[in-house]
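> The structure follows.
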Amino acid sequence: MNGERATDGLFRKNTVLYSLMVVSPVIVCGNTIKNALALIYVFSAVTFLSVMVSSFVPSKIPYTLRVIIYASVSSLIYIPARIASDMFFPDIAQRIGIYFPLTAVNSLIVIHSEKKFFKMKRTQMAVSLFCHILGFDAVMLVTAFFRELLAYGTINSRMTDIDVLISGLGEPFGGFIFLGLLCGVYRKLSSVSGNKNGGGKNFSDK
Amino acid sequence: MSTLFISADSRKKLLITSCIITVFTSLGAVFACFADRVIPRSMEYGLPLYYSVSVGILYILLLFGVYMTKRKHFAEIKKYIHVSAFNCAVMGTLFTINGKTQMLESQPALSYYILSGLEAGLGFVTASLVLVSAYRKLSSEKVPASFRGFPAMLIYLGIISMAVYSLGV
């Protein structure tokens with residue numbers, strides 16, 4: 001499909017850094033590793049199962065109704081995922097707040113599934129979906145690691161010996177700035193690796 | 001968030017998207033009011049399902065309403081409705097209103113919900129205006145290629161957010 005690979009969602013066209021999808025949870029909740037792990041668990045389980053189940057919805061049904069069905073299916077799958085998450089991460093739900101239920105209607109499920117995943121064969125779709133989810137998980141973990149280390153001086157709530165703390169990185173505005181810098185670094189690495197492989201072009205939004 | 005960036009490059013796109021999101025948040029708040037009165041606390045895990053169905057109903061009604069009243073422009077406007085329906089600005093508003101009302105001592109009136117929804121929609125409009133004012137400069141050739149567009153916009157939004165945060169501290 002236009003030279004696209006199933007693994008694009010992880011590196012070449014990373015879910016967050018390239019496609020700018022599911023950005024809000026990374027910015028708001030990606031400030032500690034514990035928050036990140038709880039959100040990753042729910043997001044991954046809900047998104048994978050929802051898209052796989054929704055792929056059986058007949059395409060004869062009008063687009064609007066299909067999108068409503070996708071959102072409803074993912075909201076149903078969210079219920080057991082959330083119950084399990086509360087068992088494994090009992091204190092996290094309060095801190096993450098509305099971003100837990102918002103994973104049930106993330107853009108990978110309601111928009112990207114129609115645009116991309118459902119146009120593929122099922123096996124390829126599963127691999128592509130898995131890579132897109134991994135792409136989000138990787139960015140979430142990397143962001144949480146650096147933000148927790150630099151904002152609070154801890155790694156997964158364990159104190160480290162770091163002297164300089166930038167407490168603003170733990171706040172949403174710090175998340176915006178950190179993610180913007182990460183996007184810029186990702187683009188630079190993409191264009192450098194594109195040039196090395198021959199025929200790569202400089203990143204442009206237009 | 002991605003909706004904000006997509007609409008930032010054109011004032012017309014911005015205006016239409018913001019209006020549609022404001023309609024969704026304001027009318028969706030009515031469903032949030034109903035949910036608070038009817039759905040017990042023990043069933044809060046079912047809230048995403050309830051809100052998805054509610055927004056779905058609004059989605060269909062809005063498409064029908066635009067088709068009946070603005071048939072000439074329906075093909076153009078429906079794209080914005082499709083993008084706005086299950087947007088995190090809309091769903092997030094419903095969950096936020098639900099969270100706020102749970103902390104109040106007594107059940108607020110319907111007008112409180114509608115005003116909260118309207119407030120959220122207008123907040124989206126304000127954020128969009130802030131972004132569109134800087135969009136051209138952040139996408140210009142003076143910005144290094146790696147940071148041009150979205151990365152620069154994220155950093156810009158972070159700085160604006162920091163200023164707003166400091167007002168609240």
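Starting from 1 in every chain, residues are counted up; chains themselves are A, B, ... following the order of the structure tokens, and ligands are numbered from 1 as listed.
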For the interface of chain B with chain A (cut-off 9 Å, counting only C-alpha atoms), please tabulate each contacting residue of chain B alongside its nearest pair of atoms and their separation in Å to one decimal, rows sorted by chain and increasing number, as a tab-separated table.

residue	atom	partner	partner_atom	distance
B:Met1	CA	A:Ser24	CA	6.7
B:Ser2	CA	A:Leu20	CA	6.1
B:Tyr45	CA	A:Ile79	CA	5.6
B:Gly46	CA	A:Ile79	CA	6.7
B:Leu47	CA	A:Pro101	CA	8.1
B:Pro48	CA	A:Ser75	CA	5.4
B:Leu49	CA	A:Ser75	CA	4.8
B:Tyr50	CA	A:Ser72	CA	8.4
B:Ser52	CA	A:Ser72	CA	5.9
B:Val53	CA	A:Ser72	CA	6.6
B:Val55	CA	A:Ile68	CA	8.4
B:Gly56	CA	A:Ile68	CA	5.5
B:Ile57	CA	A:Ile68	CA	8.7
B:Tyr59	CA	A:Thr64	CA	7.9
B:Ile60	CA	A:Thr64	CA	7.3
B:His82	CA	A:Thr64	CA	7.7
B:Val83	CA	A:Ile111	CA	8.1
B:Phe86	CA	A:Val105	CA	6.9
B:Asn87	CA	A:Ser107	CA	7.8
B:Cys88	CA	A:Leu102	CA	7.0
B:Met91	CA	A:Leu102	CA	7.0
B:Gly92	CA	A:Ile98	CA	6.7
B:Phe95	CA	A:Ile98	CA	6.0
B:Thr96	CA	A:Ile98	CA	6.8
B:Gly99	CA	A:Ile98	CA	8.2
B:Ser139	CA	A:Asp205	CA	8.1
B:Ala145	CA	A:Phe203	CA	6.4
B:Ser146	CA	A:Gly184	CA	5.0
B:Phe147	CA	A:Gly184	CA	4.8
B:Arg148	CA	A:Ser204	CA	7.3
B:Gly149	CA	A:Asp205	CA	6.3
B:Phe150	CA	A:Gly180	CA	7.5
B:Pro151	CA	A:Gly180	CA	4.2
B:Ala152	CA	A:Gly180	CA	6.3
B:Met153	CA	A:Gly180	CA	7.5
B:Leu154	CA	A:Gly180	CA	4.9
B:Ile155	CA	A:Ile177	CA	4.4
B:Tyr156	CA	A:Ile177	CA	7.7
B:Leu157	CA	A:Phe176	CA	6.7
B:Gly158	CA	A:Phe173	CA	4.4
B:Ile159	CA	A:Phe173	CA	6.8
B:Ile160	CA	A:Phe173	CA	8.1
B:Ser161	CA	A:Phe173	CA	5.3
B:Met162	CA	A:Phe173	CA	5.4
B:Tyr165	CA	A:Phe173	CA	8.0
> Would you mind writing down, as a ChimeraX atom specification, each residue of region 106-191 of chain A that DSSP on the backbone assigns to alpha helix (DSSP H)?
/A:107,113-115,122-152,172-191
> Tell me which protein, DNA and RNA residues are within 12 Å of Asp91 (chain A), counting only C-alpha atoms, leaving out same-chain ones fewer than 6 positions away, and put them as a list in words.
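Surrounding residues, per the criterion: Lys34, Asn35, Ala38, Ser85 and Gly97 of chain A.
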> Quick one: distance from CA of Ser10 (chain B) to CA of Leu108 (chain A) in Å, one decimal?
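Distance between the two atoms: 24.7 Å.
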> Skipping near chain neighbours, those fewer than 3 positions away, what residues fall within 7 Å of Gly117 (chain B) using only C-alpha atoms, listed as a list in words?
Thr25, Ser26, Ala29, Thr93, Tyr113, Ile114, Ala120 and Gly121 of chain B
> For Asn156 (chain A), please output as a list in words all residues within 12 Å (counting only C-alpha atoms; exclusion window: fewer than 4 positions along the same chain).
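Returned residues: Asn31, Thr32, Ile33, Lys34, Asn35, Ala36, Leu37, Leu141, Ala144, Phe145, Phe146, Arg147, Glu148, Leu149, Tyr152 and Thr160 of chain A.
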> Quick one: DSSP strand (DSSP E or B) residues in chain A, as a ChimeraX atom specification?
/A:154-155,158-159
> Dump C-alpha atoms for the selected residues as a PDB file, in the first residue's frame?

ATOM      1  CA  THR A 154      13.003   9.436  40.721  1.00  0.00           C
ATOM      2  CA  ILE A 155      12.754   6.435  38.411  1.00  0.00           C
ATOM      3  CA  ARG A 158      12.842   5.184  43.428  1.00  0.00           C
ATOM      4  CA  MET A 159      15.092   8.099  44.371  1.00  0.00           C
TER       5      MET A 159
END
> So which one's closest to Val57 (chain A), A:Val192, A:Phe118, A:Leu150, A:Gln124? Using only C-alpha atoms, please.
A:Phe118
> Can you measure CA of Val90 (chain B) to CA of Gly168 (chain B) for me? One decimal in Å is fine.
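Separation of CA of Val90 (chain B) and CA of Gly168 (chain B): 23.9 Å.
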> Could you check which of B:Pro40, B:Ile20, B:Lys142, B:Phe31 is closest to Leu63 (chain B), using only C-alpha atoms?
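The closest residue to Leu63 (chain B) is B:Ile20.
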> Just the number, please: distance in Å from CA of Thr17 (chain B) to CA of Ser84 (chain B), one decimal.
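Pair CA of Thr17 (chain B) / CA of Ser84 (chain B) returns 6.9 Å.
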> If we count only C-alpha atoms and set the cut-off at 8 Å, which residues sit around Met140 (chain A), ignoring sequence neighbours fewer than 5 positions away in its own chain? Please answer as a VMD selection string.
chain A and resid 26 30 36 40
> Please provide the set of residues having any atom within 9 Å of Ile16 (chain B), restricted to only C-alpha atoms, with same-chain residues fewer than 4 positions apart removed, written as JSON, numbers by chain.
{"B": [7, 11, 12, 20, 21, 77, 80]}
> I'd like to know which of A:Leu169, A:Val53, A:Cys131, A:Ile61 is closest to Arg12 (chain A), using only C-alpha atoms.
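Checking each of A:Leu169, A:Val53, A:Cys131, A:Ile61 against Arg12 (chain A), counting only C-alpha atoms, the winner is A:Cys131.
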> Between A:Leu165, A:Pro58, A:Val51, A:Val28, which residue has the minimum interatomic distance to Gly153 (chain A), considering only C-alpha atoms?
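Among the listed residues, A:Leu165 lies closest to Gly153 (chain A).
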> From the options A:Gln94, A:Ile133, A:Lys60, A:Asp161, which residue's atoms come nearest to Tyr41 (chain A), counting only C-alpha atoms?
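Of A:Gln94, A:Ile133, A:Lys60, A:Asp161, the one nearest Tyr41 (chain A), counting only C-alpha atoms, is A:Ile133.
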> Of the residues B:Leu129, B:Ile81, B:Cys33, B:Cys19, which is the one nearest to Leu110 (chain B), using only C-alpha atoms?
B:Cys33
